[in-house]
Structures are given as structure tokens and as C-alpha cells.
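Below is the file coords_34.tsv, which contains TSV, C-alpha atoms.
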chain	number	residue	atom	x	y	z
A	1	MET	CA	-32.38	-36.63	23.47
A	2	ALA	CA	-28.69	-36.29	22.68
A	3	SER	CA	-26.43	-33.63	21.21
A	4	VAL	CA	-24.08	-34.94	18.55
A	5	ARG	CA	-21.02	-32.72	18.22
A	6	LEU	CA	-19.74	-32.66	14.68
A	7	ARG	CA	-16.71	-30.85	13.33
A	8	GLU	CA	-18.70	-27.82	12.19
A	9	GLY	CA	-21.65	-27.75	14.58
A	10	VAL	CA	-24.11	-29.57	16.80
A	11	LEU	CA	-27.17	-31.67	15.92
A	12	ASP	CA	-29.75	-32.51	18.56
A	13	ILE	CA	-31.29	-35.92	17.94
A	14	VAL	CA	-33.69	-38.36	19.49
A	15	GLU	CA	-33.03	-42.03	18.91
A	16	THR	CA	-35.08	-45.12	19.65
A	17	GLY	CA	-35.44	-48.75	18.54
A	18	ALA	CA	-32.92	-51.17	17.10
A	19	GLY	CA	-32.17	-52.65	13.69
A	20	LYS	CA	-31.45	-51.12	10.32
A	21	PRO	CA	-31.19	-47.34	10.84
A	22	ILE	CA	-33.62	-44.83	9.39
A	23	VAL	CA	-33.07	-41.07	9.59
A	24	LEU	CA	-36.15	-38.79	9.54
A	25	LEU	CA	-35.82	-35.16	8.39
A	26	HIS	CA	-38.65	-32.75	9.19
A	27	SER	CA	-40.41	-29.97	7.28
A	28	LEU	CA	-39.73	-26.22	7.41
A	29	LEU	CA	-43.14	-25.69	9.03
A	30	ALA	CA	-42.61	-28.27	11.77
A	31	ASP	CA	-40.08	-29.70	14.18
A	32	ARG	CA	-38.95	-33.28	14.62
A	33	ALA	CA	-42.07	-34.05	16.69
A	34	ILE	CA	-44.05	-34.09	13.41
A	35	PHE	CA	-42.88	-37.72	13.19
A	36	ASP	CA	-44.00	-38.72	16.70
A	37	LYS	CA	-47.01	-40.71	15.50
A	38	ILE	CA	-44.95	-42.96	13.21
A	39	VAL	CA	-41.79	-43.37	15.30
A	40	PRO	CA	-43.22	-46.13	17.58
A	41	ALA	CA	-44.23	-48.26	14.58
A	42	LEU	CA	-40.85	-47.78	12.91
A	43	ALA	CA	-38.96	-48.44	16.15
A	44	GLN	CA	-40.46	-51.92	16.41
A	45	GLN	CA	-38.13	-52.92	13.57
A	46	ARG	CA	-35.69	-50.05	13.07
A	47	ARG	CA	-33.15	-47.86	14.79
A	48	VAL	CA	-34.94	-44.53	14.34
A	49	ILE	CA	-32.89	-41.32	14.38
A	50	VAL	CA	-34.72	-37.99	14.30
A	51	PRO	CA	-32.59	-34.84	14.31
A	52	ASP	CA	-33.64	-31.26	14.66
A	53	LEU	CA	-32.48	-29.85	11.34
A	54	PRO	CA	-29.72	-27.23	11.58
A	55	GLY	CA	-31.11	-24.01	13.03
A	56	PHE	CA	-34.13	-25.77	14.59
A	57	GLY	CA	-34.49	-26.81	18.23
A	58	GLY	CA	-31.09	-27.39	19.78
A	59	SER	CA	-29.22	-27.83	16.48
A	60	SER	CA	-26.82	-25.08	15.45
A	61	SER	CA	-27.27	-23.28	12.13
A	62	ALA	CA	-25.51	-24.53	9.02
A	63	GLY	CA	-26.16	-21.36	7.03
A	64	ALA	CA	-28.63	-20.43	4.33
A	65	THR	CA	-28.00	-23.15	1.75
A	66	ILE	CA	-29.52	-26.60	1.39
A	67	GLU	CA	-26.06	-27.92	0.54
A	68	GLY	CA	-24.66	-26.72	3.86
A	69	ILE	CA	-27.55	-28.30	5.74
A	70	ALA	CA	-27.12	-31.60	3.85
A	71	ASP	CA	-23.39	-31.56	4.61
A	72	ARG	CA	-24.17	-31.18	8.32
A	73	ILE	CA	-26.64	-34.10	8.24
A	74	ALA	CA	-24.07	-36.22	6.38
A	75	GLY	CA	-21.83	-35.94	9.42
A	76	LEU	CA	-24.30	-38.05	11.39
A	77	PHE	CA	-23.52	-41.18	9.38
A	78	ASP	CA	-19.96	-41.44	10.65
A	79	ALA	CA	-20.71	-39.96	14.08
A	80	LEU	CA	-23.39	-42.58	14.79
A	81	GLY	CA	-21.67	-45.46	13.01
A	82	LEU	CA	-24.47	-45.94	10.50
A	83	GLU	CA	-22.13	-47.35	7.86
A	84	THR	CA	-24.00	-47.53	4.50
A	85	THR	CA	-27.13	-49.34	5.66
A	86	ALA	CA	-29.36	-46.47	6.77
A	87	ASP	CA	-32.47	-45.31	4.95
A	88	VAL	CA	-33.40	-41.61	4.84
A	89	LEU	CA	-36.92	-40.14	4.88
A	90	GLY	CA	-37.44	-36.42	4.37
A	91	ASN	CA	-40.65	-34.37	4.48
A	92	GLY	CA	-40.96	-31.01	2.73
A	93	PHE	CA	-37.85	-28.98	3.55
A	94	GLY	CA	-36.37	-32.20	4.94
A	95	GLY	CA	-37.12	-33.82	1.58
A	96	PHE	CA	-35.07	-31.21	-0.26
A	97	VAL	CA	-32.28	-31.82	2.24
A	98	ALA	CA	-32.60	-35.59	1.72
A	99	SER	CA	-32.46	-35.22	-2.08
A	100	THR	CA	-29.36	-33.03	-1.78
A	101	LEU	CA	-27.88	-35.57	0.62
A	102	ALA	CA	-28.45	-38.28	-2.01
A	103	ILE	CA	-26.85	-36.16	-4.74
A	104	ARG	CA	-23.77	-35.42	-2.64
A	105	TYR	CA	-23.49	-38.49	-0.38
A	106	GLY	CA	-25.77	-41.15	-1.86
A	107	ALA	CA	-23.21	-43.92	-1.46
A	108	GLN	CA	-23.33	-43.45	2.32
A	109	PHE	CA	-26.89	-44.71	2.72
A	110	ASP	CA	-29.45	-47.06	1.19
A	111	ARG	CA	-33.04	-46.13	0.35
A	112	LEU	CA	-34.69	-42.75	0.12
A	113	VAL	CA	-38.27	-41.69	0.88
A	114	LEU	CA	-39.18	-38.19	-0.30
A	115	ALA	CA	-42.49	-37.03	1.16
A	116	ASP	CA	-44.19	-33.88	-0.13
A	117	THR	CA	-41.19	-32.27	-1.76
A	118	GLY	CA	-39.91	-31.53	-5.26
A	119	VAL	CA	-37.08	-30.37	-7.51
A	120	GLY	CA	-37.51	-26.63	-6.99
A	121	PHE	CA	-40.09	-23.87	-6.71
A	122	SER	CA	-41.73	-21.60	-9.25
A	123	PRO	CA	-40.79	-17.90	-9.26
A	124	GLU	CA	-43.99	-17.22	-7.30
A	125	GLY	CA	-43.06	-19.89	-4.78
A	126	LYS	CA	-39.59	-18.44	-4.36
A	127	GLN	CA	-41.04	-14.98	-3.73
A	128	SER	CA	-43.34	-16.41	-1.05
A	129	PHE	CA	-40.29	-17.72	0.84
A	130	TYR	CA	-38.56	-14.34	0.64
A	131	ALA	CA	-41.74	-12.66	1.90
A	132	MET	CA	-42.11	-15.17	4.74
A	133	ALA	CA	-38.48	-14.63	5.77
A	134	GLU	CA	-39.01	-10.88	5.89
A	135	ARG	CA	-42.19	-11.24	7.95
A	136	VAL	CA	-40.59	-13.39	10.63
A	137	ARG	CA	-37.54	-11.14	10.82
A	138	GLN	CA	-39.77	-8.14	11.39
A	139	SER	CA	-42.57	-9.62	13.50
A	140	GLY	CA	-41.48	-13.05	14.76
A	141	MET	CA	-42.87	-16.51	14.13
A	142	GLU	CA	-46.38	-15.56	15.26
A	143	ALA	CA	-46.68	-13.55	12.05
A	144	ILE	CA	-46.77	-16.66	9.86
A	145	VAL	CA	-48.12	-19.40	12.11
A	146	ASP	CA	-51.72	-19.36	10.84
A	147	VAL	CA	-50.61	-19.52	7.22
A	148	ALA	CA	-48.16	-22.29	8.11
A	149	LEU	CA	-50.86	-24.49	9.63
A	150	LYS	CA	-52.96	-24.16	6.48
A	151	ARG	CA	-49.97	-25.22	4.42
A	152	LEU	CA	-49.37	-28.25	6.64
A	153	PHE	CA	-52.93	-29.59	6.81
A	154	PRO	CA	-56.22	-29.32	4.87
A	155	GLU	CA	-58.70	-26.91	6.44
A	156	ASP	CA	-61.25	-29.62	7.26
A	157	PHE	CA	-58.59	-31.54	9.19
A	158	ILE	CA	-57.62	-28.36	11.04
A	159	ALA	CA	-61.25	-27.76	12.03
A	160	VAL	CA	-61.71	-31.13	13.76
A	161	ASN	CA	-58.24	-31.49	15.31
A	162	PRO	CA	-57.75	-28.49	17.61
A	163	ASP	CA	-55.35	-30.34	19.92
A	164	ILE	CA	-53.00	-31.14	17.04
A	165	MET	CA	-53.18	-27.52	15.89
A	166	VAL	CA	-52.23	-26.25	19.36
A	167	GLU	CA	-49.30	-28.67	19.43
A	168	ARG	CA	-48.10	-27.64	15.97
A	169	ARG	CA	-48.57	-23.93	16.71
A	170	ASN	CA	-46.58	-24.19	19.95
A	171	ALA	CA	-43.76	-26.00	18.16
A	172	LEU	CA	-43.57	-23.48	15.34
A	173	VAL	CA	-43.51	-20.35	17.49
A	174	LYS	CA	-40.49	-21.74	19.37
A	175	THR	CA	-38.43	-21.71	16.16
A	176	ASN	CA	-35.64	-19.13	16.01
A	177	PRO	CA	-36.90	-16.49	13.52
A	178	GLU	CA	-33.47	-15.76	12.06
A	179	PHE	CA	-32.72	-19.42	11.45
A	180	PHE	CA	-36.20	-19.91	9.98
A	181	ALA	CA	-35.52	-17.01	7.62
A	182	GLU	CA	-32.22	-18.64	6.60
A	183	ALA	CA	-34.12	-21.83	5.75
A	184	CYS	CA	-36.63	-19.82	3.68
A	185	HIS	CA	-33.79	-18.28	1.68
A	186	ALA	CA	-32.20	-21.71	1.22
A	187	LEU	CA	-35.43	-23.05	-0.28
A	188	ALA	CA	-35.90	-20.01	-2.50
A	189	ALA	CA	-32.40	-20.42	-3.92
A	190	LEU	CA	-32.69	-24.18	-4.48
A	191	ASP	CA	-33.00	-25.80	-7.90
A	192	LEU	CA	-32.14	-29.49	-8.09
A	193	ALA	CA	-33.05	-29.91	-11.77
A	194	ALA	CA	-29.46	-30.18	-13.02
A	195	ASP	CA	-28.38	-32.77	-10.44
A	196	ILE	CA	-31.41	-34.81	-9.35
A	197	GLY	CA	-30.77	-37.35	-12.11
A	198	LYS	CA	-27.50	-38.27	-10.39
A	199	VAL	CA	-29.35	-39.93	-7.49
A	200	ARG	CA	-28.83	-43.69	-7.56
A	201	ASN	CA	-30.59	-44.59	-4.32
A	202	PRO	CA	-33.86	-46.49	-4.79
A	203	THR	CA	-36.49	-43.84	-4.07
A	204	LEU	CA	-40.13	-43.66	-3.09
A	205	VAL	CA	-41.85	-40.34	-3.67
A	206	VAL	CA	-44.99	-39.77	-1.56
A	207	VAL	CA	-47.33	-36.80	-1.71
A	208	GLY	CA	-50.64	-35.82	-0.17
A	209	GLU	CA	-53.15	-35.09	-2.91
A	210	ARG	CA	-54.21	-31.93	-1.00
A	211	ASP	CA	-50.71	-30.65	-0.24
A	212	ALA	CA	-50.88	-26.85	-0.45
A	213	ALA	CA	-47.16	-26.31	0.28
A	214	THR	CA	-45.64	-28.61	-2.35
A	215	PRO	CA	-48.53	-29.64	-4.61
A	216	PRO	CA	-48.68	-33.10	-6.22
A	217	GLU	CA	-47.38	-31.87	-9.57
A	218	MET	CA	-44.07	-31.03	-7.85
A	219	ALA	CA	-43.85	-34.63	-6.65
A	220	ARG	CA	-44.70	-35.97	-10.11
A	221	THR	CA	-41.95	-33.85	-11.65
A	222	LEU	CA	-39.52	-35.13	-9.01
A	223	ALA	CA	-40.44	-38.78	-9.60
A	224	ARG	CA	-40.01	-38.39	-13.37
A	225	ALA	CA	-36.57	-36.84	-12.89
A	226	LEU	CA	-35.26	-39.62	-10.65
A	227	PRO	CA	-33.70	-42.70	-12.29
A	228	LYS	CA	-35.24	-45.21	-9.85
A	229	ALA	CA	-38.40	-43.87	-8.26
A	230	ASP	CA	-41.97	-44.90	-7.55
A	231	LEU	CA	-44.71	-42.36	-6.79
A	232	ILE	CA	-47.64	-42.76	-4.40
A	233	GLU	CA	-50.30	-40.08	-3.88
A	234	MET	CA	-52.21	-40.20	-0.61
A	235	PRO	CA	-55.92	-39.26	-0.89
A	236	GLY	CA	-57.15	-36.53	1.44
A	237	CYS	CA	-53.73	-35.74	2.86
A	238	GLY	CA	-51.88	-32.46	3.04
A	239	HIS	CA	-48.20	-31.64	3.48
A	240	ALA	CA	-47.62	-33.81	6.57
A	241	PRO	CA	-49.31	-37.19	6.03
A	242	MET	CA	-47.14	-38.77	8.76
A	243	ALA	CA	-49.01	-36.58	11.27
A	244	GLN	CA	-52.40	-36.41	9.57
A	245	ALA	CA	-52.76	-40.11	8.67
A	246	PRO	CA	-49.91	-41.97	10.41
A	247	GLU	CA	-51.25	-45.51	9.98
A	248	ALA	CA	-51.91	-44.95	6.28
A	249	PHE	CA	-48.48	-43.40	5.85
A	250	ILE	CA	-46.78	-46.42	7.44
A	251	LYS	CA	-48.71	-48.71	5.08
A	252	VAL	CA	-47.61	-46.63	2.09
A	253	ILE	CA	-43.89	-46.86	2.95
A	254	ALA	CA	-43.90	-50.38	4.45
A	255	LYS	CA	-43.24	-52.43	1.32
A	256	PHE	CA	-40.53	-50.09	0.05
A	257	LEU	CA	-38.72	-50.16	3.41
A	258	ASP	CA	-39.28	-53.90	3.99
A	259	LEU	CA	-41.36	-53.30	7.11
A	260	LYS	CA	-43.41	-56.25	8.29

Here is a file; write its structure as C-alpha cells.
Amino acid sequence: MASVRLREGVLDIVETGAGKPIVLLHSLLADRAIFDKIVPALAQQRRVIVPDLPGFGGSSSAGATIEGIADRIAGLFDALGLETTADVLGNGFGGFVASTLAIRYGAQFDRLVLADTGVGFSPEGKQSFYAMAERVRQSGMEAIVDVALKRLFPEDFIAVNPDIMVERRNALVKTNPEFFAEACHALAALDLAADIGKVRNPTLVVVGERDAATPPEMARTLARALPKADLIEMPGCGHAPMAQAPEAFIKVIAKFLDLK
């Protein structure tokens, strides 16, 4: 693990492997360890860089806007000497950050994988983020952890994978409640509809067919709005297919990312 000091803050990252870089951006309801099951496979061919998003883990906050978070992530490209060759993969919240990164800094990287994300949330979805922010501010992360797990994974997967649930629960309760609330407000305020068509990076949109956090229709809307995008729906998977079905997830992204 390393701390990368940027002009406006700090990002904690883990880095492994060698080759063409790929940056992985995690979900609101997870930490960077959500990618642990796919990192070894990627690292056989790639330089894999996994930051804690601003406000998570050891990374300093970048405020309550997706744009501010994307700006902070953009600083990694120069700081780590990634040039313009890196690919970016974002899941959920990290997917919204990755899309915003492509809108604002798309020329600084190559391909884009958007997993279980969208263009924006419905009014009901926005209200759920405001409510979740208020709950964690009043009662801490424990107040939302059970709901969060059900949004990450289908209930039948939860029932037969208690060890994974303990791991995910422990990671979530360590999140700073105030920074988590900031991220909730950032998602509630986000609407990429006016700008998503500006993305020129080749894009693969992936979604679990049982995603309860960002349902498949959100991914379909996103794929239709992007100029150069393919869409793949993963049967049986929820919001975090890289953790639920890592081998299948690698197969889904392999051709797009030229993995052998």
C-alpha cells in the first residue's frame, strides 16, 4: 500500500503486476478489497492500481461532488506516470466517478469498463441516498450495513456465503460516516444525461441481472447514451459481480480489455 500525495489531497492505493495499467474504482457500499478476487488474474498481464476513493480508507475527502472526486482521481495519471495508456474500470459509485472522469479527462486514458452504474438516479433513488446519509450521520455505519449487503448481493448468495458477508460487513463499518454521507449526497446530486454523450473512450457496460442498487435498466440507458458502448448482462449476479462471480466477470471483460 502507498499514499500518493497530490496537490489537493492524498489517495491511498495498492498496486501490483506489470504491463498496461488498469485503474479499478470501487462502489459506495464497498472498499477497494471488493476487487481482491480479480486482481491476481488482471495482474498476470496488467499493472493494476486500486485506490481507496476519496473519503474512504486512507484517502482524504474530495468533497460532496462526483466532479471533485473525479478530479482527484485524475491526478493519479500524472503522479504515477500512466501517460494515456491506462484503462479504467468503475463499479457502482466508482462507475459514476469513471464516467465523469471520461467526460472531463477522457483523453488521458484508453478504455472504460462501467460495471453496475448508470446516468443518474430517479427521484426515489435520490431520496434514498439523502435518507441513508442522514441515518449514518445520526447512528453510524452500523445503521445501514444490513441494507447495504442486500444491495450488493442477491439474498440467496448472502445465505450461502457467510464468510464473504462478514468480510464485507467489517469493511463497510470502518468507513467514515461523514465521508460516506458526502458520497451519498454526491450521488443524489448527479445527473450525467447532458454530458455522457461526450465520452469518446471505447466503453463496455456490464450489469448483474439481479442488481438491486443500480438495476439493469439503468445500465441499458447508459449504454444507449454512450457513442461507443457494448452492454453485457451477467445472469444471477448482483451489484458486485467481481466479488460474487470473479471468474465469470474476468471472462466478460477479457475480450474488451485484450486479456489472454

Mind running segment 74-121 of chain A against segment 239-247 of chain A at 9 Å and telling me each contacting residue's nearest atom pair with the distance in Å (one decimal), counting all atoms listed in the file, chain and number ascending, as JSON lines?
{"residue": "A:Asn91", "atom": "CA", "partner": "A:Ala240", "partner_atom": "CA", "distance": 7.3}
{"residue": "A:Gly92", "atom": "CA", "partner": "A:His239", "partner_atom": "CA", "distance": 7.3}
{"residue": "A:Ala115", "atom": "CA", "partner": "A:Ala240", "partner_atom": "CA", "distance": 8.1}
{"residue": "A:Asp116", "atom": "CA", "partner": "A:His239", "partner_atom": "CA", "distance": 5.8}
{"residue": "A:Thr117", "atom": "CA", "partner": "A:His239", "partner_atom": "CA", "distance": 8.8}

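Across the structure, atom CA of Gly106 of chain A and atom CA of Pro40 of chain A are spaced 26.6 Å apart.
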
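Taking atom CA of Gly75 of chain A and atom CA of Ala186 of chain A as endpoints, the distance between them is 19.4 Å.
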
Would you mind listing what lies within 7 Å of Leu231 of chain A as a PDB file with C-alpha atoms, in the frame of the given file, with all atoms listed in the file counted and same-chain residues fewer than 6 positions away left out?
ATOM      1  CA  LEU A 204     -40.130 -43.660  -3.090  1.00  0.00           C
ATOM      2  CA  VAL A 205     -41.850 -40.340  -3.670  1.00  0.00           C
ATOM      3  CA  VAL A 206     -44.990 -39.770  -1.560  1.00  0.00           C
ATOM      4  CA  ALA A 223     -40.440 -38.780  -9.600  1.00  0.00           C
TER       5      ALA A 223
END

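Take atom CA of Arg210 of chain A and atom CA of Asp195 of chain A: the distance between them is 27.5 Å.
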
Inset, instruction - Check the smallest atom-to-atom distance from each of A:Ala212, A:Leu6, A:Ala171, A:Val252 to Asp31 of chain A using only C-alpha atoms, then report the winner. - result: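 Result for the nearest residue to Asp31 of chain A: A:Ala171.
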
Compile a residue-level contact table for segment 209-238 of chain A against segment 141-152 of chain A at a cut-off of 10 Å, reporting for every qualifying residue the shortest atom pair and its distance in Å to one decimal, with all atoms listed in the file counted, rows ordered by chain and ascending number, as JSON lines.
{"residue": "A:Arg210", "atom": "CA", "partner": "A:Arg151", "partner_atom": "CA", "distance": 9.6}
{"residue": "A:Asp211", "atom": "CA", "partner": "A:Arg151", "partner_atom": "CA", "distance": 7.2}
{"residue": "A:Ala212", "atom": "CA", "partner": "A:Arg151", "partner_atom": "CA", "distance": 5.2}
{"residue": "A:Ala213", "atom": "CA", "partner": "A:Arg151", "partner_atom": "CA", "distance": 5.1}
{"residue": "A:Thr214", "atom": "CA", "partner": "A:Arg151", "partner_atom": "CA", "distance": 8.7}
{"residue": "A:Cys237", "atom": "CA", "partner": "A:Leu152", "partner_atom": "CA", "distance": 9.5}
{"residue": "A:Gly238", "atom": "CA", "partner": "A:Leu152", "partner_atom": "CA", "distance": 6.1}

Per residue of segment 159-249 of chain A within 7 Å of segment 55-64 of chain A, what are the shortest atom pair and its distance in Å to one decimal, counting only C-alpha atoms, with rows by chain and residue number, as JSON lines?
{"residue": "A:Thr175", "atom": "CA", "partner": "A:Phe56", "partner_atom": "CA", "distance": 6.1}
{"residue": "A:Asn176", "atom": "CA", "partner": "A:Phe56", "partner_atom": "CA", "distance": 7.0}
{"residue": "A:Phe179", "atom": "CA", "partner": "A:Gly55", "partner_atom": "CA", "distance": 5.1}
{"residue": "A:Glu182", "atom": "CA", "partner": "A:Ala64", "partner_atom": "CA", "distance": 4.6}
{"residue": "A:Ala183", "atom": "CA", "partner": "A:Ala64", "partner_atom": "CA", "distance": 5.8}
{"residue": "A:His185", "atom": "CA", "partner": "A:Ala64", "partner_atom": "CA", "distance": 6.2}
{"residue": "A:Ala186", "atom": "CA", "partner": "A:Ala64", "partner_atom": "CA", "distance": 4.9}

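Proximity to Ala79 of chain A was assessed for A:Ile22, A:Leu222, A:Val4, A:Leu259 counting only C-alpha atoms; the smallest distance is recorded for A:Val4.
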
I want to know what sits within 8 Å of Leu42 of chain A, based on only C-alpha atoms, with residues of the same chain fewer than 5 positions away left out; could you give that as a CSV table (one decimal) with C-alpha atoms, in the frame of the given file?
chain,number,residue,atom,x,y,z
A,17,GLY,CA,-35.4,-48.8,18.5
A,47,ARG,CA,-33.2,-47.9,14.8
A,48,VAL,CA,-34.9,-44.5,14.3

Inset, instruction - Pick out the residues sitting within 12 Å of Val50 of chain A, and hand them over as a PyMOL selection string; count all atoms listed in the file, and ignore anything fewer than 5 positions along from it in its own chain. - result: chain A and resi 1-4+11-17+21-26+31-36+38-39+42-43+57+59+73+76+88-90+94

Could you complete segment 238-258 of chain A so that it carries N, CA and C atoms, and give it back as a compact mmCIF listing (two decimals), keeping the file's coordinate frame?
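Generated file (rebuild20.txt):
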# COMPACT_ATOMS: atom_id res chain seq x y z
N GLY A 238 -52.59 -33.68 3.33
CA GLY A 238 -51.88 -32.46 3.04
C GLY A 238 -50.37 -32.67 3.05
N HIS A 239 -49.66 -31.67 3.56
CA HIS A 239 -48.20 -31.64 3.48
C HIS A 239 -47.53 -32.57 4.49
N ALA A 240 -48.24 -32.99 5.52
CA ALA A 240 -47.62 -33.81 6.57
C ALA A 240 -48.44 -35.07 6.83
N PRO A 241 -48.48 -35.99 5.86
CA PRO A 241 -49.31 -37.19 6.03
C PRO A 241 -48.87 -38.06 7.21
N MET A 242 -47.60 -37.98 7.61
CA MET A 242 -47.14 -38.77 8.76
C MET A 242 -47.80 -38.32 10.06
N ALA A 243 -48.28 -37.08 10.10
CA ALA A 243 -49.01 -36.58 11.27
C ALA A 243 -50.51 -36.63 11.07
N GLN A 244 -50.97 -36.42 9.85
CA GLN A 244 -52.40 -36.41 9.57
C GLN A 244 -52.99 -37.81 9.50
N ALA A 245 -52.26 -38.74 8.87
CA ALA A 245 -52.76 -40.11 8.67
C ALA A 245 -51.61 -41.09 8.90
N PRO A 246 -51.12 -41.19 10.15
CA PRO A 246 -49.91 -41.97 10.41
C PRO A 246 -50.00 -43.45 10.03
N GLU A 247 -51.13 -44.09 10.31
CA GLU A 247 -51.25 -45.51 9.98
C GLU A 247 -51.22 -45.72 8.47
N ALA A 248 -51.92 -44.86 7.74
CA ALA A 248 -51.91 -44.95 6.28
C ALA A 248 -50.52 -44.67 5.72
N PHE A 249 -49.82 -43.73 6.32
CA PHE A 249 -48.48 -43.40 5.85
C PHE A 249 -47.54 -44.59 6.05
N ILE A 250 -47.62 -45.24 7.20
CA ILE A 250 -46.78 -46.42 7.44
C ILE A 250 -47.08 -47.50 6.41
N LYS A 251 -48.36 -47.71 6.09
CA LYS A 251 -48.71 -48.71 5.08
C LYS A 251 -48.13 -48.36 3.71
N VAL A 252 -48.13 -47.07 3.38
CA VAL A 252 -47.61 -46.63 2.09
C VAL A 252 -46.11 -46.90 1.95
N ILE A 253 -45.36 -46.69 3.04
CA ILE A 253 -43.89 -46.86 2.95
C ILE A 253 -43.42 -48.25 3.33
N ALA A 254 -44.32 -49.09 3.87
CA ALA A 254 -43.90 -50.38 4.45
C ALA A 254 -43.22 -51.29 3.45
N LYS A 255 -43.82 -51.50 2.29
CA LYS A 255 -43.24 -52.43 1.32
C LYS A 255 -41.88 -51.94 0.85
N PHE A 256 -41.78 -50.66 0.55
CA PHE A 256 -40.53 -50.09 0.05
C PHE A 256 -39.41 -50.24 1.07
N LEU A 257 -39.73 -50.09 2.36
CA LEU A 257 -38.72 -50.16 3.41
C LEU A 257 -38.61 -51.55 4.04
N ASP A 258 -39.30 -52.53 3.47
CA ASP A 258 -39.28 -53.90 3.99
C ASP A 258 -39.72 -53.97 5.44
